[in-house]
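Listing of protein.cif, mmCIF, C-alpha atoms
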```
data_run
#
loop_
_atom_site.group_PDB
_atom_site.id
_atom_site.type_symbol
_atom_site.label_atom_id
_atom_site.label_comp_id
_atom_site.auth_asym_id
_atom_site.auth_seq_id
_atom_site.Cartn_x
_atom_site.Cartn_y
_atom_site.Cartn_z
ATOM 1 C CA LYS A 1 134.497 102.722 121.378
ATOM 2 C CA ASP A 2 137.564 104.448 122.931
ATOM 3 C CA ARG A 3 139.946 101.817 121.511
ATOM 4 C CA HIS A 4 143.416 103.232 120.811
ATOM 5 C CA GLN A 5 146.296 102.203 118.572
ATOM 6 C CA ALA A 6 148.017 99.966 121.124
ATOM 7 C CA GLU A 7 144.943 97.701 121.121
ATOM 8 C CA ALA A 8 143.824 95.259 118.440
ATOM 9 C CA LEU A 9 141.037 92.688 118.450
ATOM 10 C CA HIS A 10 142.650 89.251 118.417
ATOM 11 C CA ARG A 11 142.133 85.754 119.800
ATOM 12 C CA ARG A 12 144.818 83.993 121.824
ATOM 13 C CA ARG A 13 144.998 80.714 123.740
ATOM 14 C CA ILE A 14 146.339 80.287 127.295
ATOM 15 C CA ASP A 15 147.552 76.698 127.656
ATOM 16 C CA ARG A 16 147.234 76.213 131.411
ATOM 17 C CA THR A 17 144.769 76.420 134.267
ATOM 18 C CA PHE A 18 145.430 79.241 136.682
ATOM 19 C CA ALA A 19 143.834 80.878 139.687
ATOM 20 C CA ILE A 20 143.768 84.647 140.089
ATOM 21 C CA ALA A 21 143.001 86.520 143.291
ATOM 22 C CA SER A 22 139.448 87.831 143.467
ATOM 23 C CA ARG A 23 140.725 91.075 145.026
ATOM 24 C CA ASP A 24 143.782 93.305 144.944
ATOM 25 C CA VAL A 25 146.418 92.946 147.652
ATOM 26 C CA THR A 26 145.424 95.160 150.583
ATOM 27 C CA ARG A 27 147.326 97.254 153.093
ATOM 28 C CA ALA A 28 146.619 94.617 155.761
ATOM 29 C CA GLN A 29 148.052 91.843 153.583
ATOM 30 C CA TRP A 30 151.093 93.942 152.720
ATOM 31 C CA ARG A 31 151.936 94.876 156.319
ATOM 32 C CA PRO A 32 153.551 91.603 157.571
ATOM 33 C CA PHE A 33 155.564 91.347 154.365
ATOM 34 C CA ALA A 34 156.846 94.915 154.656
ATOM 35 C CA THR A 35 157.741 94.398 158.316
ATOM 36 C CA ARG A 36 159.574 91.125 157.818
ATOM 37 C CA GLU A 37 161.322 91.952 154.547
ATOM 38 C CA GLY A 38 162.134 95.573 155.343
ATOM 39 C CA VAL A 39 160.423 97.026 152.297
ATOM 40 C CA ARG A 40 158.546 100.295 152.188
ATOM 41 C CA SER A 41 155.448 100.384 154.381
ATOM 42 C CA GLY A 42 151.979 100.701 152.934
ATOM 43 C CA ASP A 43 150.869 102.630 156.026
ATOM 44 C CA ARG A 44 152.670 105.893 155.386
ATOM 45 C CA ALA A 45 150.616 109.075 155.694
ATOM 46 C CA ARG A 46 150.745 109.784 151.954
ATOM 47 C CA VAL A 47 149.301 106.342 151.168
ATOM 48 C CA ARG A 48 146.678 106.516 153.932
ATOM 49 C CA GLN A 49 145.378 109.723 152.369
ATOM 50 C CA TYR A 50 144.346 107.765 149.271
ATOM 51 C CA SER A 51 143.966 104.245 150.689
ATOM 52 C CA LYS A 52 142.146 104.912 153.908
ATOM 53 C CA THR A 53 141.433 101.468 155.392
ATOM 54 C CA ASP A 54 143.240 98.174 155.957
ATOM 55 C CA ASP A 55 141.023 96.483 153.371
ATOM 56 C CA SER A 56 141.832 99.047 150.694
ATOM 57 C CA PRO A 57 144.526 98.312 148.079
ATOM 58 C CA VAL A 58 148.146 98.912 148.949
ATOM 59 C CA LEU A 59 149.487 101.751 146.776
ATOM 60 C CA GLU A 60 152.888 103.010 145.614
ATOM 61 C CA VAL A 61 154.254 99.493 145.185
ATOM 62 C CA THR A 62 156.932 99.088 142.518
ATOM 63 C CA TRP A 63 156.847 96.156 140.105
ATOM 64 C CA TYR A 64 159.962 94.801 141.829
ATOM 65 C CA GLU A 65 158.268 94.893 145.234
ATOM 66 C CA ALA A 66 155.169 93.177 143.871
ATOM 67 C CA ALA A 67 157.387 90.362 142.558
ATOM 68 C CA HIS A 68 159.156 90.166 145.926
ATOM 69 C CA TYR A 69 155.779 89.878 147.673
ATOM 70 C CA CYS A 70 154.846 86.950 145.444
ATOM 71 C CA ASN A 71 157.989 85.020 146.438
ATOM 72 C CA TRP A 72 157.440 85.892 150.105
ATOM 73 C CA LEU A 73 153.870 84.608 149.965
ATOM 74 C CA SER A 74 155.055 81.405 148.291
ATOM 75 C CA GLU A 75 157.476 80.952 151.177
ATOM 76 C CA GLN A 76 154.774 81.608 153.776
ATOM 77 C CA GLU A 77 152.573 78.915 152.250
ATOM 78 C CA GLY A 78 155.350 76.331 152.110
ATOM 79 C CA ILE A 79 155.734 76.267 148.337
ATOM 80 C CA PRO A 80 159.187 74.786 147.562
ATOM 81 C CA ARG A 81 161.810 77.302 146.504
ATOM 82 C CA GLU A 82 162.305 75.581 143.140
ATOM 83 C CA GLN A 83 158.695 76.565 142.354
ATOM 84 C CA TRP A 84 159.210 80.276 143.075
ATOM 85 C CA CYS A 85 158.940 82.494 140.019
ATOM 86 C CA TYR A 86 161.423 85.293 140.751
ATOM 87 C CA GLU A 87 165.147 85.420 141.504
ATOM 88 C CA PRO A 88 166.797 88.464 143.116
ATOM 89 C CA ASN A 89 169.764 90.149 141.452
ATOM 90 C CA SER A 90 173.406 89.372 142.225
ATOM 91 C CA ASP A 91 173.182 91.535 145.354
ATOM 92 C CA GLY A 92 170.199 89.569 146.641
ATOM 93 C CA VAL A 93 167.840 92.473 145.900
ATOM 94 C CA TYR A 94 164.520 92.525 144.085
ATOM 95 C CA GLY A 95 165.375 95.377 141.763
ATOM 96 C CA PRO A 96 167.141 96.058 138.458
ATOM 97 C CA GLY A 97 168.973 92.937 137.319
ATOM 98 C CA MET A 98 166.597 90.488 139.022
ATOM 99 C CA ALA A 99 165.320 87.574 136.942
ATOM 100 C CA ILE A 100 162.030 85.898 136.213
ATOM 101 C CA ARG A 101 162.300 82.136 135.848
ATOM 102 C CA GLU A 102 162.009 81.226 132.185
ATOM 103 C CA ASP A 103 159.473 78.499 132.993
ATOM 104 C CA CYS A 104 157.533 80.694 135.404
ATOM 105 C CA THR A 105 154.159 80.064 133.756
ATOM 106 C CA GLN A 106 154.531 76.361 134.568
ATOM 107 C CA LEU A 107 155.629 76.839 138.178
ATOM 108 C CA HIS A 108 153.275 76.803 141.160
ATOM 109 C CA GLY A 109 154.660 79.776 143.070
ATOM 110 C CA TYR A 110 152.715 83.011 143.201
ATOM 111 C CA ARG A 111 153.419 85.639 140.565
ATOM 112 C CA LEU A 112 151.914 88.539 138.666
ATOM 113 C CA PRO A 113 149.509 87.748 135.802
ATOM 114 C CA THR A 114 150.702 87.886 132.231
ATOM 115 C CA GLU A 115 148.871 90.499 130.199
ATOM 116 C CA ALA A 116 146.965 87.727 128.389
ATOM 117 C CA GLU A 117 145.951 86.091 131.679
ATOM 118 C CA TRP A 118 144.823 89.434 133.057
ATOM 119 C CA GLU A 119 142.570 90.197 130.092
ATOM 120 C CA TYR A 120 141.136 86.680 130.022
ATOM 121 C CA ALA A 121 140.275 86.991 133.718
ATOM 122 C CA CYS A 122 138.858 90.487 133.277
ATOM 123 C CA ARG A 123 136.647 89.593 130.316
ATOM 124 C CA ALA A 124 135.199 86.513 132.045
ATOM 125 C CA GLY A 125 133.948 85.164 128.729
ATOM 126 C CA THR A 126 132.624 88.433 127.311
ATOM 127 C CA LEU A 127 133.481 90.231 124.082
ATOM 128 C CA SER A 128 132.159 93.647 125.079
ATOM 129 C CA SER A 129 134.317 96.621 125.995
ATOM 130 C CA ARG A 130 133.566 96.034 129.695
ATOM 131 C CA TYR A 131 132.801 92.743 131.392
ATOM 132 C CA TYR A 132 129.181 93.734 131.974
ATOM 133 C CA GLY A 133 128.574 95.298 128.527
ATOM 134 C CA ASN A 134 129.440 98.500 126.668
ATOM 135 C CA THR A 135 127.530 101.300 128.374
ATOM 136 C CA GLU A 136 129.137 103.803 130.728
ATOM 137 C CA GLN A 137 125.860 104.229 132.615
ATOM 138 C CA LEU A 138 126.383 101.041 134.652
ATOM 139 C CA LEU A 139 130.070 101.683 135.361
ATOM 140 C CA PRO A 140 129.529 103.110 138.894
ATOM 141 C CA HIS A 141 128.119 99.724 139.926
ATOM 142 C CA TYR A 142 131.362 97.970 138.942
ATOM 143 C CA ALA A 143 134.247 100.431 139.165
ATOM 144 C CA TRP A 144 135.724 103.227 141.243
ATOM 145 C CA TYR A 145 136.875 105.879 138.770
ATOM 146 C CA VAL A 146 137.213 109.640 138.596
ATOM 147 C CA ASP A 147 133.459 110.328 138.633
ATOM 148 C CA SER A 148 132.668 108.033 141.573
ATOM 149 C CA SER A 149 135.778 107.588 143.721
ATOM 150 C CA GLU A 150 135.768 110.884 145.671
ATOM 151 C CA ASP A 151 139.509 111.129 144.926
ATOM 152 C CA HIS A 152 140.738 107.977 146.674
ATOM 153 C CA ALA A 153 140.875 104.188 146.386
ATOM 154 C CA TRP A 154 138.134 102.157 148.061
ATOM 155 C CA PRO A 155 138.049 98.905 150.064
ATOM 156 C CA VAL A 156 138.356 95.949 147.727
ATOM 157 C CA GLY A 157 135.289 93.937 146.772
ATOM 158 C CA GLN A 158 132.662 96.607 147.468
ATOM 159 C CA LEU A 159 131.144 96.782 143.982
ATOM 160 C CA LYS A 160 129.752 94.145 141.639
ATOM 161 C CA PRO A 161 132.171 91.455 140.395
ATOM 162 C CA ASN A 162 132.502 90.060 136.904
ATOM 163 C CA ALA A 163 131.142 86.643 135.927
ATOM 164 C CA PHE A 164 134.267 84.941 137.330
ATOM 165 C CA GLY A 165 133.665 86.530 140.740
ATOM 166 C CA LEU A 166 136.587 88.963 140.399
ATOM 167 C CA PHE A 167 136.222 92.419 141.911
ATOM 168 C CA ASP A 168 137.700 95.744 140.784
ATOM 169 C CA MET A 169 139.069 94.522 137.478
ATOM 170 C CA HIS A 170 137.786 97.872 136.242
ATOM 171 C CA GLY A 171 138.966 100.877 138.238
ATOM 172 C CA ASN A 172 140.190 101.334 141.831
ATOM 173 C CA VAL A 173 143.881 100.699 141.015
ATOM 174 C CA TRP A 174 145.935 99.997 137.925
ATOM 175 C CA GLU A 175 147.319 96.462 138.319
ATOM 176 C CA TRP A 176 150.877 95.393 137.536
ATOM 177 C CA CYS A 177 151.276 92.593 134.985
ATOM 178 C CA GLN A 178 154.219 90.255 134.487
ATOM 179 C CA ASP A 179 155.017 91.553 131.012
ATOM 180 C CA ALA A 180 157.282 94.403 130.083
ATOM 181 C CA TYR A 181 155.441 96.915 127.917
ATOM 182 C CA VAL A 182 155.929 96.447 124.185
ATOM 183 C CA ARG A 183 153.578 98.668 122.236
ATOM 184 C CA ASP A 184 153.107 96.380 119.228
ATOM 185 C CA PHE A 185 153.340 93.018 120.995
ATOM 186 C CA TYR A 186 149.690 93.036 121.947
ATOM 187 C CA ALA A 187 148.539 92.659 118.335
ATOM 188 C CA SER A 188 151.450 90.616 116.942
ATOM 189 C CA SER A 189 151.901 88.144 119.818
ATOM 190 C CA PRO A 190 151.964 84.360 119.260
ATOM 191 C CA THR A 191 148.570 82.702 118.927
ATOM 192 C CA ASN A 192 149.341 80.248 121.725
ATOM 193 C CA ASP A 193 150.250 81.470 125.218
ATOM 194 C CA PRO A 194 151.518 84.984 124.415
ATOM 195 C CA LYS A 195 154.193 86.233 126.812
ATOM 196 C CA ALA A 196 155.968 89.513 126.156
ATOM 197 C CA PRO A 197 159.549 90.095 127.323
ATOM 198 C CA THR A 198 159.641 90.278 131.102
ATOM 199 C CA THR A 199 162.528 92.715 131.551
ATOM 200 C CA GLY A 200 162.392 96.361 130.603
ATOM 201 C CA ASP A 201 162.140 99.906 131.882
ATOM 202 C CA PHE A 202 158.331 99.824 131.720
ATOM 203 C CA HIS A 203 155.843 97.124 132.710
ATOM 204 C CA VAL A 204 152.215 96.755 131.716
ATOM 205 C CA VAL A 205 149.439 97.986 133.993
ATOM 206 C CA ARG A 206 145.798 97.160 133.377
ATOM 207 C CA GLY A 207 142.317 98.066 134.574
ATOM 208 C CA GLY A 208 142.315 101.809 135.175
ATOM 209 C CA SER A 209 142.207 103.460 138.593
ATOM 210 C CA TRP A 210 140.250 105.652 140.977
ATOM 211 C CA ALA A 211 141.551 108.794 139.213
ATOM 212 C CA MET A 212 141.064 107.682 135.615
ATOM 213 C CA LYS A 213 138.332 108.408 133.080
ATOM 214 C CA PRO A 214 135.688 105.871 131.994
ATOM 215 C CA GLN A 215 137.573 105.057 128.803
ATOM 216 C CA ASN A 216 140.361 103.551 130.907
ATOM 217 C CA ALA A 217 137.929 101.169 132.626
ATOM 218 C CA ARG A 218 137.736 98.733 129.713
ATOM 219 C CA CYS A 219 138.862 95.142 129.259
ATOM 220 C CA SER A 220 141.378 95.951 126.525
ATOM 221 C CA ASP A 221 142.740 99.277 127.760
ATOM 222 C CA ARG A 222 146.473 98.971 128.420
ATOM 223 C CA SER A 223 149.099 101.292 129.762
ATOM 224 C CA ALA A 224 152.538 101.132 131.357
ATOM 225 C CA MET A 225 154.504 102.462 134.313
ATOM 226 C CA ARG A 226 158.227 102.576 134.936
ATOM 227 C CA THR A 227 159.233 99.296 136.549
ATOM 228 C CA GLY A 228 160.633 101.009 139.634
ATOM 229 C CA GLU A 229 157.952 103.723 139.864
ATOM 230 C CA ARG A 230 155.849 104.379 142.940
ATOM 231 C CA ASN A 231 152.426 105.605 141.988
ATOM 232 C CA LEU A 232 149.318 106.276 144.054
ATOM 233 C CA LEU A 233 147.192 104.816 141.266
ATOM 234 C CA VAL A 234 148.919 101.407 141.091
ATOM 235 C CA GLY A 235 148.454 98.160 143.024
ATOM 236 C CA PHE A 236 148.401 94.480 142.064
ATOM 237 C CA ARG A 237 146.740 91.082 142.388
ATOM 238 C CA ILE A 238 148.380 87.663 142.243
ATOM 239 C CA VAL A 239 148.155 84.475 140.176
ATOM 240 C CA GLU A 240 148.955 80.837 140.848
ATOM 241 C CA VAL A 241 149.137 78.031 138.269
ATOM 242 C CA LEU A 242 146.989 75.170 139.506
ATOM 243 C CA ARG A 243 148.527 71.752 140.085
#
```
Can the structure from this file be put into structure tokens for me?
Amino acid sequence: KDRHQAEALHRRRIDRTFAIASRDVTRAQWRPFATREGVRSGDRARVRQYSKTDDSPVLEVTWYEAAHYCNWLSEQEGIPREQWCYEPNSDGVYGPGMAIREDCTQLHGYRLPTEAEWEYACRAGTLSSRYYGNTEQLLPHYAWYVDSSEDHAWPVGQLKPNAFGLFDMHGNVWEWCQDAYVRDFYASSPTNDPKAPTTGDFHVVRGGSWAMKPQNARCSDRSAMRTGERNLLVGFRIVEVLR
């Protein structure tokens, strides 16, 4: 139900063990990064209107800034630079022209999830349209969406998690993925370890948000945002390949 043309039922294999954050990155977690690196604050009045507490998701983060945060966090945790997943552009900026390491899915630095990793983590072993089943009646127990959110994002981890212990994989904020958006790639991707192109004007977002309808809060629903766009509906969570 609610499946659209950019989705197709298919089975793919991810050939590594990875950890994914149980919650989205919050305003409190973003603050020291923004201060040190001089990027846009997550505490501006416009953001606070829709993300009201320190433990709510940071909003209006571009894909480039999310990638920058991942490298910064790798540095903070003492992960060697050769294991970092992103390289700034020729001007030393995380923006157009920056690069993702070709072997990034084998490195141990923090990064954004590939679209395949995101869906695997969201499904948590299920085949239903949502990780708890198919019905919309239970959705308010698992997701903040247009009918339950009161027009803003909520503190992370307040509702029921999926079977992997991950919160807010449905609703609250759309989450950036590593992959650039290719409409047909989802169905025609390689059977083993599918990775779409990583550079492009649009990147994949998954999960739905606090302002979206129930049909967006599904495991397979996929959309895209401009790579440099700031949007009050978009945040992110991070991944690390395990040693």
Emit as JSON the padded axis-aligned box for all listed atoms of segment 136-149 of chain A, 6 Å per side, with centre and edge lengths in Å to one decimal.
```
{"center_x": 131.5, "center_y": 104.1, "center_z": 137.2, "size_x": 23.4, "size_y": 24.4, "size_z": 25.0}
```
Using only C-alpha atoms, find each residue of segment 54-132 of chain A with at least one atom at most 6 Å away from an atom of segment 222-231 of chain A; report its shortest atom-to-atom pair and that distance in Å (one decimal), sort the rows by chain and rising residue number, and return the result as a Markdown table.
```
| residue | atom | partner | partner_atom | distance |
| --- | --- | --- | --- | --- |
| A:Glu60 | CA | A:Arg230 | CA | 4.2 |
| A:Val61 | CA | A:Arg230 | CA | 5.6 |
| A:Thr62 | CA | A:Gly228 | CA | 5.1 |
| A:Trp63 | CA | A:Thr227 | CA | 5.3 |
```
Keeping C-alpha atoms, export the residues of the selection given above as an mmCIF file, keeping the file's coordinate frame.
```cif
data_model
loop_
_atom_site.group_PDB
_atom_site.id
_atom_site.type_symbol
_atom_site.label_atom_id
_atom_site.label_comp_id
_atom_site.auth_asym_id
_atom_site.auth_seq_id
_atom_site.Cartn_x
_atom_site.Cartn_y
_atom_site.Cartn_z
ATOM 1 C CA GLU A 60 152.888 103.010 145.614
ATOM 2 C CA VAL A 61 154.254 99.493 145.185
ATOM 3 C CA THR A 62 156.932 99.088 142.518
ATOM 4 C CA TRP A 63 156.847 96.156 140.105
#
```
Q | d(atom CA of Glu240 of chain A, atom CA of Glu115 of chain A) in Å | A | 14.4 Å
Q) Of the candidates A:Glu7, A:Glu37, A:Glu75, A:Asp168, which one gets nearest to Val25 of chain A if we count all atoms listed in the file? A)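 Ranked by minimum distance to Val25 of chain A, first place goes to A:Asp168.
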Q: Report the distance between atom CA of Tyr142 of chain A and atom CA of Val156 of chain A in Å, rounded to one decimal place.
A: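 Going from atom CA of Tyr142 of chain A over to atom CA of Val156 of chain A, I get 11.4 Å.
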Q) So what does the PyMOL selection byres ((chain A and resi 106) around 9) actually pick up in this one, as an MDAnalysis selection string? A) chainID A and resid 16 83 103:105 107:108 241
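If all atoms listed in the file are the atoms counted, then among A:Asn192, A:Leu242, A:Arg81, A:Gln215 the closest residue to Thr17 of chain A is A:Leu242.
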Q: Have a look at atom CA of Lys52 of chain A and atom CA of Pro214 of chain A and let me know their distance in Å, one decimal.
A: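 Atom-to-atom, atom CA of Lys52 of chain A to atom CA of Pro214 of chain A, that is 22.9 Å.
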**Q.** Residues within 12 Å of Ala211 of chain A, all atoms listed in the file, excluding chain neighbours under 6 positions, as a list in words
**A.**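 My list of contacting residues is Tyr50, Ala143, Trp144, Tyr145, Val146, Asp147, Ser148, Ser149, Glu150, Asp151, His152, Ala153, Trp154, His170, Gly171, Asn172, Val173, Trp174, Ala217, Asn231, Leu232, Leu233 and Val234 of chain A.
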(Q) I need the output of the PyMOL selection byres ((chain A and resi 167) around 6) for this file as number ranges by chain; which residues are they? (A) A: 22-23, 157, 161, 166, 168-169
Q | Residues near Tyr120 of chain A, cut-off 9 Å, only C-alpha atoms, skip fewer than 4 positions along chain, as a ChimeraX atom specification | A | /A:14,115-116,124-125,219
Go ahead and write the selection's residues with C-alpha atoms as a short mmCIF file (atom, residue, chain, number, x, y, z; two decimals), in the frame of the given file.
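What follows is the written file selection_33.cif:
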```cif
data_model
loop_
_atom_site.label_atom_id
_atom_site.label_comp_id
_atom_site.auth_asym_id
_atom_site.auth_seq_id
_atom_site.Cartn_x
_atom_site.Cartn_y
_atom_site.Cartn_z
CA ILE A 14 146.34 80.29 127.30
CA GLU A 115 148.87 90.50 130.20
CA ALA A 116 146.96 87.73 128.39
CA ALA A 124 135.20 86.51 132.04
CA GLY A 125 133.95 85.16 128.73
CA CYS A 219 138.86 95.14 129.26
#
```
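Proximity of A:Trp118, A:Trp84, A:Tyr181, A:Tyr132 to Gly207 of chain A, computed with all atoms listed in the file, is greatest for A:Trp118.
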Q.
Running the PyMOL selection byres ((chain A and resi 112) around 10) on this model by hand, what would come out? Give it as a VMD selection string.
A. chain A and resid 20 63 66 to 67 69 to 70 85 110 to 111 113 to 115 117 to 118 175 to 179 236 to 240
Export, as a JSON list (two decimals), keeping the file's coordinate frame, the selected residues with C-alpha atoms.
```
[["chain", "number", "residue", "atom", "x", "y", "z"],
["A", 20, "ILE", "CA", 143.77, 84.65, 140.09],
["A", 63, "TRP", "CA", 156.85, 96.16, 140.10],
["A", 66, "ALA", "CA", 155.17, 93.18, 143.87],
["A", 67, "ALA", "CA", 157.39, 90.36, 142.56],
["A", 69, "TYR", "CA", 155.78, 89.88, 147.67],
["A", 70, "CYS", "CA", 154.85, 86.95, 145.44],
["A", 85, "CYS", "CA", 158.94, 82.49, 140.02],
["A", 110, "TYR", "CA", 152.72, 83.01, 143.20],
["A", 111, "ARG", "CA", 153.42, 85.64, 140.56],
["A", 113, "PRO", "CA", 149.51, 87.75, 135.80],
["A", 114, "THR", "CA", 150.70, 87.89, 132.23],
["A", 115, "GLU", "CA", 148.87, 90.50, 130.20],
["A", 117, "GLU", "CA", 145.95, 86.09, 131.68],
["A", 118, "TRP", "CA", 144.82, 89.43, 133.06],
["A", 175, "GLU", "CA", 147.32, 96.46, 138.32],
["A", 176, "TRP", "CA", 150.88, 95.39, 137.54],
["A", 177, "CYS", "CA", 151.28, 92.59, 134.99],
["A", 178, "GLN", "CA", 154.22, 90.26, 134.49],
["A", 179, "ASP", "CA", 155.02, 91.55, 131.01],
["A", 236, "PHE", "CA", 148.40, 94.48, 142.06],
["A", 237, "ARG", "CA", 146.74, 91.08, 142.39],
["A", 238, "ILE", "CA", 148.38, 87.66, 142.24],
["A", 239, "VAL", "CA", 148.16, 84.48, 140.18],
["A", 240, "GLU", "CA", 148.96, 80.84, 140.85]]
```
Q: Can you work out which one of A:Gly133, A:Val47, A:Asp55, A:Ser128 has the shortest atom-to-atom distance to Arg3 of chain A, counting only C-alpha atoms?
A: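 Ranked by minimum distance to Arg3 of chain A, first place goes to A:Ser128.
Considering only C-alpha atoms, the residue among A:His4, A:Leu59, A:Arg46, A:Lys213 positioned nearest to Asp184 of chain A is A:His4.
Residue nearest Asp221 of chain A, chosen from A:Arg101, A:His203, A:Lys195, A:Lys1 and counting only C-alpha atoms: A:Lys1.
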